[in-house]
Every structure is written in structure tokens, then in C-alpha cells.
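Some notes on the structure that comes next.
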Amino acid sequence: MAERKERAAAQAKASAEAPGPTEIRSQLVRTELLRAGVWFGLALLIGACIILIQPILLIFAGIVMASMLDGGTRLLGRVLPIARGWRLLIVCLSLVAFLTWTILFAGSQIADQAATLQKVVMGQVERIAAWASDHGMGNLQLDTKTITDNLAGTVGRVTAAVGTVLGALTSLVMILVLGIFLAIEPRLYERGVAWMLPMKSRENFYITTARMGFTLRRLMAGRLLGMLVEGVGTWLACLAVGIPMAALMGLLTGLLAFIPNIGAIVSGVLLVLVGFSAGTDTGLYAIIIYFVVQTVDGYLIVPMVAKQTVDLAPALVLAAQILFGALLGIMGLFLADPIVAMIKVALEREAERNAGAQGKVAK
């Protein structure tokens with residue numbers, strides 16, 4: 001009763017008062033103000049995205065990591081009929097064990113080879129520069145600082161958070177922790193985002209996110225498979241033919257396989273330079289190894305994955321890598337492929353909705 005009396009008293013006071021200076025009676029003015037508010041909010045959103053681009057990329061990288069952990073958990077569920085939490089724990093412990101093994105057992109060997117790699121590569125680059133100068137191509141003065149500055153200018157400087165070793169390690173830890181939290185209970189965060197949407201948009205949101213999750217899991221599974229095949233294959237082949245720093249070459253080739261197109265070019269250049277540093281025959285073997293490994297990945301693994309997920313045109317991915325690398329730095333370069341895949345899934349879903357709506361109108 002008390003609440004009804006207060007409400008009635010408030011309504012009586014409001015009806016007795018005259019309109020104030022902020023009262024807008026014109027429907028046209030209200031509509032225009034609403035439009036202006038939408039555009040102003042959109043401008044603020046774009047500005048916030050530009051300012052917060054580093055944490056946004058880290059969050060998206062965490063989502064990519066969560067998709068890989070979730071994919072491993074689902075795959076393990078096909079052979080182990082245990083609770084999801086235990087399967088996720090097994091996947092996480094396996095990842096930690098692999099990283100620990102890499103650091104403790106292979107870390108010292110790879111670190112020694114990495115120190116030698118820079119000298120070998122710079123020696124080969126200087127030989128190429130000298131050959132070019134002897135053949136009238138100009139006097140090329142190349143050193144480590146010049147090459148590093150050019151690469152930094154090409155890749156971009158927006159993601160300064162990963163510009164140092166400490167920043168890279170900190171970002172990696174944040175990505176791992178965020179990915180684990182997301183993989184533990186993905187439905188919780190999906191429902192949280194859907195709760196902020198209108199009721200009529202939630203069904204489409206769930207369908208789109210389900211397709212995005214499926215695509216991202218398949219894409220990352222194919223990427224990890226390609227990294228494994230290229231890394232192990234390069235390592236064993238380099239050991240077989242006597243190419244120096246075989247372990248480091250296999251590790252770099254495997255890691256760079258995460259970046260389509262550009263990663264294969266960079267790893268191939270490094271492999272050939274190291275191969276020719278040990279002799280002409282070894283260099284020719286390096287070229288053969290590179291083409292064999294890339295052929296296996298390009299004609300077996302990539303088509304197999306593309307059948308199960310979104311098929312991205314190589315030129316589209318390369319253009320996105322150039323754009324995101326220049327604007328967003330190394331993080332943008334690594335995440336260009338997943339970002340393009342998610343955008344394509346969203347556009348395909350929107351086109352499907354439009355086609356369905358048009359079909360209903362036609363009937």
C-alpha cells in the first residue's frame with residue numbers, strides 16, 4: 001500500500017508540473033538526437049578499439065588458445081570417456097610438460113645454435129651483398145641493426161607489449177591463463193555476452209558463435225598438425241643430410257608454420273642460407289627439403305583441413321597479414337588468419353539470414 005501511495009503521489013506531482021527546458025516534444029528532434037547518439041557512440045567505440053588494441057589482441061589470442069585447448073579436450077573425449085574437466089587437465093598438463101621438456105632438455109642446445117644462427121645468416125647475407133656489388137647492383141651495406149630496423153618498420157610498432165623478451169613472456173603467460181579460464185567453462189562466457197543482447201538476436205548469436213568455434217577449432221587443429229609435420233620433418237631431414245643446427249631449424253620451421261605464406265618463406269630462406277653455409281651440396285639438399293616439406297603441408301594437410309572448415313583464399317590471407325602486420329605488429333601478423341576466418345564466418349551467416357528473410361518475403 002505504501003508503495004502505491006508513493007507512486008500515486010509522484011504521478012500527481014509530475015502531472016501538475018510544467019515542461020522544463022530539457023523536455024523534447026518534437027518527434028523529429030528525438031529521432032535526430034537518437035541518430036547522433038548512435039554515431040557518437042560508434043565513434044567512441046572505434047576510438048576505444050584503437051587505444052586498447054593491445055589488450056584486445058591479447059584477448060583474441062586467448063580465445064584462439066582456448067579453442068586449441070577445447071579442441072584437444074573434445075578430441076581426447078573420443079578415446080577417454082571421463083569428465084570434461086579431467087580431460088582439459090590432461091591437455092593442460094601435457095602442454096606444460098612439453099614446454100618444460102623443451103626448456104630443460106632442448107633449451108641449452110637450441111640456445112647455443114641460436115647464437116650461431118645469427119652469425120651464419122649474416123655471413124651468408126654479406127656474401128650475397130658482395131656478389132651483388134661485384135655484378136653492378138650497387139654497394140649494399142648490410143648489418144644486423146639495419147636488417148632489424150627494416151623488419152621492425154615493416155611489421156609495425158603498435159604492439160609494443162611484445163617488443164621485448166620480458167614483454168613477450170608476460171603476454172604469453174597472459175594468453176595461456178586467459179585461454180585456460182575460457183576453456184574451463186566456455187558456455188558461461190557465451191551466455192554472458194548473449195545476456196547483453198536483445199532476445200530476438202540471441203538465437204543468431206548462438207548459431208554464429210557455434211560456427212565460429214567449430215571453424216576456429218578446425219583451423220587451429222590443422223595449423224598445429226602442419227607445425228608438427230613441418231617441424232619434425234625438417235629436423236629429421238636436416239639430421240639425415242648433415243645440415244647444421246638441425247634442431248633449431250626444425251623448431252623455427254614448426255613455429256613459423258603457424259603463419260601461413262609468410263612463415264614458409266622466412267623459414268625457407270633461413271634453411272637455405274644455413275644449408276649453403278656448409279657447402280653447395282648441403283644447400284641443394286636444403287632446397288629439396290624445403291620443397292618436399294612445403295608440398296606435404298600444402299597438398300595434403302591444408303586441403304584436408306580446408307574441407308572441414310572455412311576455405312580462405314591465399315591472396316586474401318596474405319593481404320590480411322600484410323595489413324594487420326603493418327598496423328598491429330607481430331601479434332596482428334600471427335592472428336591475421338584466425339581473424340579473417342572469423343570475419344568470413346560472420347559474413348556467411350549474415351548472408352544466410354538475409355537470404356532466409358528474402359525467401360520469406362517472396363512467399
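Numbering starts fresh at 1 for the residues of each chain in the C-alpha cells, the chains themselves are lettered A, B, ... in the order given, and ligands are numbered from 1 as they appear.
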
Handout entry: Residue neighbourhood range 261-277 of chain A, 8 Å, only C-alpha atoms, exclusion window fewer than 5 positions, as a list in words
Key = Leu117, Val120, Val121, Gln124, Ile243, Pro244, Met249, Leu252, Thr253, Leu256, Thr282, Gly283, Leu284, Tyr285, Ala286, Ile287, Tyr290, Gln294, Pro314 and Leu318 of chain A

Grab the residues selected above and save them as a compact mmCIF listing (two decimals), in the first residue's frame with C-alpha atoms.
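Output contents, as saved in selection-v7.txt:
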# COMPACT_ATOMS: atom_id res chain seq x y z
CA LEU A 117 72.49 -18.88 -36.39
CA VAL A 120 75.80 -17.83 -40.12
CA VAL A 121 72.89 -15.89 -41.59
CA GLN A 124 75.58 -15.50 -45.95
CA ILE A 243 72.59 -29.54 -42.33
CA PRO A 244 73.93 -27.59 -39.32
CA MET A 249 65.87 -25.31 -37.97
CA LEU A 252 61.88 -22.36 -36.28
CA THR A 253 60.16 -24.09 -39.20
CA LEU A 256 56.77 -20.19 -38.37
CA THR A 282 74.16 -29.22 -48.45
CA GLY A 283 72.49 -26.08 -49.76
CA LEU A 284 70.88 -28.04 -52.58
CA TYR A 285 69.68 -30.60 -50.04
CA ALA A 286 68.18 -27.75 -48.02
CA ILE A 287 66.24 -26.55 -51.06
CA TYR A 290 62.07 -27.16 -48.09
CA GLN A 294 56.00 -27.50 -48.03
CA PRO A 314 45.80 -17.50 -50.12
CA LEU A 318 48.46 -12.73 -47.40

Per-residue nearest contacts range 73-108 of chain A to range 165-189 of chain A, cut-off 9 Å, using only C-alpha atoms, as JSON lines:
{"residue": "A:Arg84", "atom": "CA", "partner": "A:Ile184", "partner_atom": "CA", "distance": 8.6}
{"residue": "A:Gly85", "atom": "CA", "partner": "A:Ile184", "partner_atom": "CA", "distance": 7.0}
{"residue": "A:Leu88", "atom": "CA", "partner": "A:Ile184", "partner_atom": "CA", "distance": 7.4}
{"residue": "A:Cys92", "atom": "CA", "partner": "A:Ile180", "partner_atom": "CA", "distance": 8.0}

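Residue nearest Val232 in chain A within the list A:Ala336, A:Ala194, A:Ile289, A:Leu216: A:Ile289 [criterion: smallest interatomic distance, only C-alpha atoms].
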